[in-house]
Amino acid sequence: MANYYSPTVVQQVIAKRDMTELEILILSQVFDADLEGETVYLCTSESPCDTIWVAADRLRAALDYPRAKDSTALAELLGQHGEALQGDDEIEIDTSGGWWETLLQDIVRRSDTLDHITVMTSFTCDKMRPDGCGGIATLITKDKIRSQSTEELMAHFIAEAVEAGEMQPI
């Protein structure tokens with residue numbers, strides 16, 4: 001059986017002052033976060049976590065942070081868990097489906113120093129297979145999240161080559 005990985009790097013370091021406590025709490029569990037000093041560096045050698053667990057008391061403290069009230073993170077958490085956030089247990093949070101990208105977009109929207117964030121992800125496999133190699137590049141601005149995979153880029157190159165008469169349509 002092959003194991004698939006998606007090492008990911010958020011290429012810009014982010015000033016902590018640009019982030020809410022809630023975003024720091026969530027993103028530091030989605031990624032392997034370096035929280036030294038006044039900046040945050042986000043990366044992961046395996047894959048961003050699709051599911052994280054956060055102690056309810058830590059989550060409530062982060063929700064009380066003043067800037068959290070208008071955040072995507074708060075809206076998503078209330079949608080996923082509602083009243084369960086008031087309990088004493090650990091909260092399981094589904095961070096799949098582009099959620100961490102929207103958190104990064106909230107950060108760009110508030111930042112005085114960042115006008116974009118770039119994220120690079122490679123797709124690898126411990127038993128190299130055709131579907132286990134590639135990647136995706138993501139550009140996050142305050143207005144839009146753009147992504148393109150290496151597969152999409154290759155399709156673009158092939159279309160250009162076919163149009164130029166360099167090869168037959170596949």
# chains A, B, ... in the order shown; residues from 1 in each chain; ligands from 1
>>> residues_around(residues="stretch 93-101 of chain A", least_positions_apart="6", cutoff="8 Å", atoms="only C-alpha atoms", output="PDB file with N, CA and C atoms, in the first residue's frame")
ATOM      1  N   LEU A  27      -4.399  27.400  13.138  1.00  0.00           N
ATOM      2  CA  LEU A  27      -3.358  27.196  12.131  1.00  0.00           C
ATOM      3  C   LEU A  27      -2.120  26.511  12.693  1.00  0.00           C
ATOM      4  N   VAL A  30      -3.094  22.891  12.343  1.00  0.00           N
ATOM      5  CA  VAL A  30      -3.227  22.431  10.966  1.00  0.00           C
ATOM      6  C   VAL A  30      -1.828  22.220  10.372  1.00  0.00           C
ATOM      7  N   CYS A  49      -3.306  19.147   8.454  1.00  0.00           N
ATOM      8  CA  CYS A  49      -4.278  18.295   9.159  1.00  0.00           C
ATOM      9  C   CYS A  49      -5.697  18.667   8.736  1.00  0.00           C
ATOM     10  N   ASP A  50      -6.479  17.649   8.385  1.00  0.00           N
ATOM     11  CA  ASP A  50      -7.886  17.846   8.029  1.00  0.00           C
ATOM     12  C   ASP A  50      -8.787  17.878   9.245  1.00  0.00           C
ATOM     13  N   THR A  51      -8.308  17.327  10.343  1.00  0.00           N
ATOM     14  CA  THR A  51      -9.071  17.290  11.588  1.00  0.00           C
ATOM     15  C   THR A  51      -8.124  17.612  12.728  1.00  0.00           C
ATOM     16  N   ILE A  52      -8.538  18.555  13.581  1.00  0.00           N
ATOM     17  CA  ILE A  52      -7.736  18.879  14.763  1.00  0.00           C
ATOM     18  C   ILE A  52      -8.632  18.780  15.993  1.00  0.00           C
ATOM     19  N   TRP A  53      -8.018  18.629  17.147  1.00  0.00           N
ATOM     20  CA  TRP A  53      -8.736  18.582  18.411  1.00  0.00           C
ATOM     21  C   TRP A  53      -8.196  19.686  19.295  1.00  0.00           C
ATOM     22  N   VAL A  54      -9.101  20.485  19.846  1.00  0.00           N
ATOM     23  CA  VAL A  54      -8.710  21.622  20.676  1.00  0.00           C
ATOM     24  C   VAL A  54      -9.496  21.546  21.978  1.00  0.00           C
ATOM     25  N   LEU A  77     -16.638  27.661  13.151  1.00  0.00           N
ATOM     26  CA  LEU A  77     -16.754  26.911  14.408  1.00  0.00           C
ATOM     27  C   LEU A  77     -18.182  26.904  14.929  1.00  0.00           C
ATOM     28  N   GLN A  80     -20.110  24.492  12.792  1.00  0.00           N
ATOM     29  CA  GLN A  80     -19.790  23.082  13.046  1.00  0.00           C
ATOM     30  C   GLN A  80     -20.258  22.619  14.417  1.00  0.00           C
ATOM     31  N   ILE A 140      -3.072  33.728  -2.366  1.00  0.00           N
ATOM     32  CA  ILE A 140      -4.180  34.243  -1.573  1.00  0.00           C
ATOM     33  C   ILE A 140      -4.037  35.756  -1.467  1.00  0.00           C
ATOM     34  N   ILE A 145      -8.801  33.648  -3.835  1.00  0.00           N
ATOM     35  CA  ILE A 145      -7.873  32.543  -3.622  1.00  0.00           C
ATOM     36  C   ILE A 145      -7.736  31.830  -4.963  1.00  0.00           C
TER      37      ILE A 145
END
>>> select_by_dssp(residues="stretch 45-170 of chain A", states="strand (DSSP E)", output="MDAnalysis selection string")
chainID A and resid 51:55 90:94 117:125 134:140 145:149
>>> select_by_dssp(residues="chain A", states="helix (DSSP H, G or I)", output="ChimeraX atom specification")
/A:16-18,21-30,56-63,66-70,72-86,99-110,130-132,150-163
>>> closest_residue(among="A:Ala55, A:Leu35, A:Leu78, A:Ala137", to="A:Glu90", atoms="only C-alpha atoms")
A:Ala55
>>> closest_residue(among="A:Thr138, A:Gln168, A:Thr124, A:Thr113", to="A:Val9", atoms="only C-alpha atoms")
A:Thr138
>>> atom_distance(atom1="atom CA of A:Gln148", atom2="atom CA of A:Pro48")
17.6 Å
>>> residues_around(residues="A:Ser71", least_positions_apart="4", cutoff="10 Å", atoms="only C-alpha atoms", output="mmCIF file with N, CA and C atoms, in the first residue's frame")
data_model
loop_
_atom_site.group_PDB
_atom_site.id
_atom_site.type_symbol
_atom_site.label_atom_id
_atom_site.label_comp_id
_atom_site.auth_asym_id
_atom_site.auth_seq_id
_atom_site.Cartn_x
_atom_site.Cartn_y
_atom_site.Cartn_z
ATOM 1 N N THR A 20 -5.509 36.647 14.725
ATOM 2 C CA THR A 20 -6.262 36.556 15.972
ATOM 3 C C THR A 20 -5.726 35.368 16.761
ATOM 4 N N LEU A 22 -7.456 33.017 17.836
ATOM 5 C CA LEU A 22 -8.160 31.865 17.285
ATOM 6 C C LEU A 22 -7.448 31.331 16.042
ATOM 7 N N GLU A 23 -7.022 32.223 15.156
ATOM 8 C CA GLU A 23 -6.291 31.797 13.957
ATOM 9 C C GLU A 23 -4.965 31.156 14.320
ATOM 10 N N LEU A 63 -11.829 32.485 21.373
ATOM 11 C CA LEU A 63 -13.059 33.081 20.833
ATOM 12 C C LEU A 63 -13.358 34.426 21.478
ATOM 13 N N ARG A 67 -10.867 40.556 18.111
ATOM 14 C CA ARG A 67 -10.894 40.514 16.647
ATOM 15 C C ARG A 67 -11.484 39.218 16.103
ATOM 16 N N ALA A 75 -17.129 31.933 12.525
ATOM 17 C CA ALA A 75 -18.338 31.526 11.804
ATOM 18 C C ALA A 75 -18.330 30.029 11.521
ATOM 19 N N GLU A 76 -17.195 29.507 11.106
ATOM 20 C CA GLU A 76 -17.089 28.073 10.805
ATOM 21 C C GLU A 76 -17.257 27.236 12.065
ATOM 22 N N THR A 102 -9.083 30.068 3.763
ATOM 23 C CA THR A 102 -9.908 31.241 4.061
ATOM 24 C C THR A 102 -9.439 31.951 5.329
ATOM 25 N N LEU A 103 -8.865 31.195 6.277
ATOM 26 C CA LEU A 103 -8.280 31.845 7.455
ATOM 27 C C LEU A 103 -7.092 32.710 7.035
ATOM 28 N N ASP A 106 -8.370 35.891 5.549
ATOM 29 C CA ASP A 106 -8.762 36.863 6.577
ATOM 30 C C ASP A 106 -7.547 37.631 7.087
ATOM 31 N N ILE A 107 -6.437 36.928 7.261
ATOM 32 C CA ILE A 107 -5.208 37.565 7.742
ATOM 33 C C ILE A 107 -4.715 38.604 6.738
#
>>> closest_residue(among="A:Glu160, A:Val40, A:Ser47, A:Ala56", to="A:Ser122", atoms="only C-alpha atoms")
A:Ser47
>>> decode(residues="stretch 88-103 of chain A", atoms="all heavy atoms", output="mmCIF file, in the first residue's frame")
data_model
loop_
_atom_site.group_PDB
_atom_site.id
_atom_site.type_symbol
_atom_site.label_atom_id
_atom_site.label_comp_id
_atom_site.auth_asym_id
_atom_site.auth_seq_id
_atom_site.Cartn_x
_atom_site.Cartn_y
_atom_site.Cartn_z
ATOM 1 N N ASP A 88 -17.002 21.246 28.271
ATOM 2 C CA ASP A 88 -15.678 21.152 28.867
ATOM 3 C C ASP A 88 -14.757 20.183 28.143
ATOM 4 O O ASP A 88 -13.615 20.014 28.528
ATOM 5 C CB ASP A 88 -15.797 20.709 30.331
ATOM 6 C CG ASP A 88 -16.484 21.760 31.183
ATOM 7 O OD1 ASP A 88 -16.307 22.958 30.881
ATOM 8 O OD2 ASP A 88 -17.197 21.380 32.119
ATOM 9 N N ASP A 89 -15.273 19.538 27.128
ATOM 10 C CA ASP A 89 -14.503 18.517 26.447
ATOM 11 C C ASP A 89 -13.643 19.106 25.346
ATOM 12 O O ASP A 89 -13.679 20.300 25.064
ATOM 13 C CB ASP A 89 -15.446 17.466 25.852
ATOM 14 C CG ASP A 89 -16.219 16.713 26.922
ATOM 15 O OD1 ASP A 89 -15.686 16.555 28.031
ATOM 16 O OD2 ASP A 89 -17.348 16.298 26.632
ATOM 17 N N GLU A 90 -12.912 18.205 24.725
ATOM 18 C CA GLU A 90 -12.143 18.572 23.562
ATOM 19 C C GLU A 90 -13.099 18.701 22.380
ATOM 20 O O GLU A 90 -14.059 17.945 22.254
ATOM 21 C CB GLU A 90 -11.125 17.450 23.293
ATOM 22 C CG GLU A 90 -9.839 17.905 22.740
ATOM 23 C CD GLU A 90 -8.814 16.780 22.710
ATOM 24 O OE1 GLU A 90 -9.163 15.613 22.507
ATOM 25 O OE2 GLU A 90 -7.647 17.108 22.884
ATOM 26 N N ILE A 91 -12.839 19.672 21.517
ATOM 27 C CA ILE A 91 -13.675 19.906 20.345
ATOM 28 C C ILE A 91 -12.928 19.398 19.115
ATOM 29 O O ILE A 91 -11.772 19.759 18.890
ATOM 30 C CB ILE A 91 -13.992 21.410 20.169
ATOM 31 C CG1 ILE A 91 -14.642 21.987 21.419
ATOM 32 C CG2 ILE A 91 -14.839 21.637 18.917
ATOM 33 C CD1 ILE A 91 -16.022 21.497 21.717
ATOM 34 N N GLU A 92 -13.590 18.551 18.335
ATOM 35 C CA GLU A 92 -13.025 18.061 17.078
ATOM 36 C C GLU A 92 -13.433 19.037 15.986
ATOM 37 O O GLU A 92 -14.616 19.316 15.795
ATOM 38 C CB GLU A 92 -13.559 16.666 16.764
ATOM 39 C CG GLU A 92 -13.033 16.102 15.476
ATOM 40 C CD GLU A 92 -13.596 14.718 15.180
ATOM 41 O OE1 GLU A 92 -14.094 14.041 16.103
ATOM 42 O OE2 GLU A 92 -13.534 14.335 14.000
ATOM 43 N N ILE A 93 -12.450 19.566 15.257
ATOM 44 C CA ILE A 93 -12.711 20.579 14.237
ATOM 45 C C ILE A 93 -12.290 20.045 12.873
ATOM 46 O O ILE A 93 -11.144 19.625 12.688
ATOM 47 C CB ILE A 93 -11.947 21.884 14.544
ATOM 48 C CG1 ILE A 93 -12.346 22.416 15.919
ATOM 49 C CG2 ILE A 93 -12.195 22.922 13.461
ATOM 50 C CD1 ILE A 93 -11.497 23.574 16.408
ATOM 51 N N ASP A 94 -13.217 20.074 11.936
ATOM 52 C CA ASP A 94 -12.943 19.674 10.560
ATOM 53 C C ASP A 94 -12.356 20.884 9.836
ATOM 54 O O ASP A 94 -13.028 21.895 9.652
ATOM 55 C CB ASP A 94 -14.246 19.227 9.890
ATOM 56 C CG ASP A 94 -14.073 18.860 8.424
ATOM 57 O OD1 ASP A 94 -12.942 18.922 7.900
ATOM 58 O OD2 ASP A 94 -15.087 18.515 7.791
ATOM 59 N N THR A 95 -11.089 20.787 9.451
ATOM 60 C CA THR A 95 -10.412 21.910 8.797
ATOM 61 C C THR A 95 -10.173 21.640 7.311
ATOM 62 O O THR A 95 -9.342 22.289 6.683
ATOM 63 C CB THR A 95 -9.069 22.221 9.497
ATOM 64 O OG1 THR A 95 -8.261 21.043 9.475
ATOM 65 C CG2 THR A 95 -9.291 22.684 10.916
ATOM 66 N N SER A 96 -10.899 20.677 6.758
ATOM 67 C CA SER A 96 -10.744 20.354 5.340
ATOM 68 C C SER A 96 -11.576 21.298 4.480
ATOM 69 O O SER A 96 -12.265 22.176 4.988
ATOM 70 C CB SER A 96 -11.176 18.905 5.093
ATOM 71 O OG SER A 96 -12.555 18.747 5.371
ATOM 72 N N GLY A 97 -11.511 21.099 3.201
ATOM 73 C CA GLY A 97 -12.369 21.846 2.292
ATOM 74 C C GLY A 97 -12.007 23.296 2.080
ATOM 75 O O GLY A 97 -12.876 24.126 1.836
ATOM 76 N N GLY A 98 -10.747 23.636 2.188
ATOM 77 C CA GLY A 98 -10.318 25.006 1.930
ATOM 78 C C GLY A 98 -10.444 25.952 3.107
ATOM 79 O O GLY A 98 -10.278 27.159 2.957
ATOM 80 N N TRP A 99 -10.722 25.395 4.290
ATOM 81 C CA TRP A 99 -10.948 26.257 5.449
ATOM 82 C C TRP A 99 -9.707 27.021 5.856
ATOM 83 O O TRP A 99 -9.757 28.223 6.120
ATOM 84 C CB TRP A 99 -11.504 25.426 6.603
ATOM 85 C CG TRP A 99 -12.125 26.251 7.670
ATOM 86 C CD1 TRP A 99 -12.970 27.309 7.491
ATOM 87 C CD2 TRP A 99 -11.958 26.098 9.068
ATOM 88 N NE1 TRP A 99 -13.335 27.816 8.714
ATOM 89 C CE2 TRP A 99 -12.732 27.096 9.697
ATOM 90 C CE3 TRP A 99 -11.242 25.226 9.869
ATOM 91 C CZ2 TRP A 99 -12.798 27.230 11.068
ATOM 92 C CZ3 TRP A 99 -11.319 25.357 11.231
ATOM 93 C CH2 TRP A 99 -12.088 26.355 11.820
ATOM 94 N N TRP A 100 -8.549 26.359 5.918
ATOM 95 C CA TRP A 100 -7.353 27.077 6.358
ATOM 96 C C TRP A 100 -6.965 28.158 5.349
ATOM 97 O O TRP A 100 -6.429 29.190 5.722
ATOM 98 C CB TRP A 100 -6.193 26.138 6.688
ATOM 99 C CG TRP A 100 -5.713 25.222 5.609
ATOM 100 C CD1 TRP A 100 -6.034 23.901 5.439
ATOM 101 C CD2 TRP A 100 -4.778 25.521 4.566
ATOM 102 N NE1 TRP A 100 -5.385 23.383 4.354
ATOM 103 C CE2 TRP A 100 -4.592 24.347 3.795
ATOM 104 C CE3 TRP A 100 -4.081 26.665 4.206
ATOM 105 C CZ2 TRP A 100 -3.746 24.292 2.691
ATOM 106 C CZ3 TRP A 100 -3.230 26.616 3.108
ATOM 107 C CH2 TRP A 100 -3.073 25.433 2.372
ATOM 108 N N GLU A 101 -7.279 27.956 4.068
ATOM 109 C CA GLU A 101 -6.997 28.983 3.072
ATOM 110 C C GLU A 101 -7.823 30.248 3.351
ATOM 111 O O GLU A 101 -7.328 31.360 3.198
ATOM 112 C CB GLU A 101 -7.288 28.465 1.658
ATOM 113 C CG GLU A 101 -6.342 27.383 1.179
ATOM 114 C CD GLU A 101 -6.829 25.965 1.445
ATOM 115 O OE1 GLU A 101 -7.587 25.740 2.425
ATOM 116 O OE2 GLU A 101 -6.447 25.070 0.674
ATOM 117 N N THR A 102 -9.083 30.068 3.763
ATOM 118 C CA THR A 102 -9.908 31.241 4.061
ATOM 119 C C THR A 102 -9.439 31.951 5.329
ATOM 120 O O THR A 102 -9.572 33.168 5.434
ATOM 121 C CB THR A 102 -11.411 30.890 4.159
ATOM 122 O OG1 THR A 102 -11.611 29.922 5.170
ATOM 123 C CG2 THR A 102 -11.939 30.375 2.833
ATOM 124 N N LEU A 103 -8.865 31.195 6.277
ATOM 125 C CA LEU A 103 -8.280 31.845 7.455
ATOM 126 C C LEU A 103 -7.092 32.710 7.035
ATOM 127 O O LEU A 103 -6.939 33.837 7.512
ATOM 128 C CB LEU A 103 -7.834 30.822 8.494
ATOM 129 C CG LEU A 103 -8.900 29.943 9.131
ATOM 130 C CD1 LEU A 103 -8.290 29.113 10.253
ATOM 131 C CD2 LEU A 103 -10.062 30.741 9.640
#
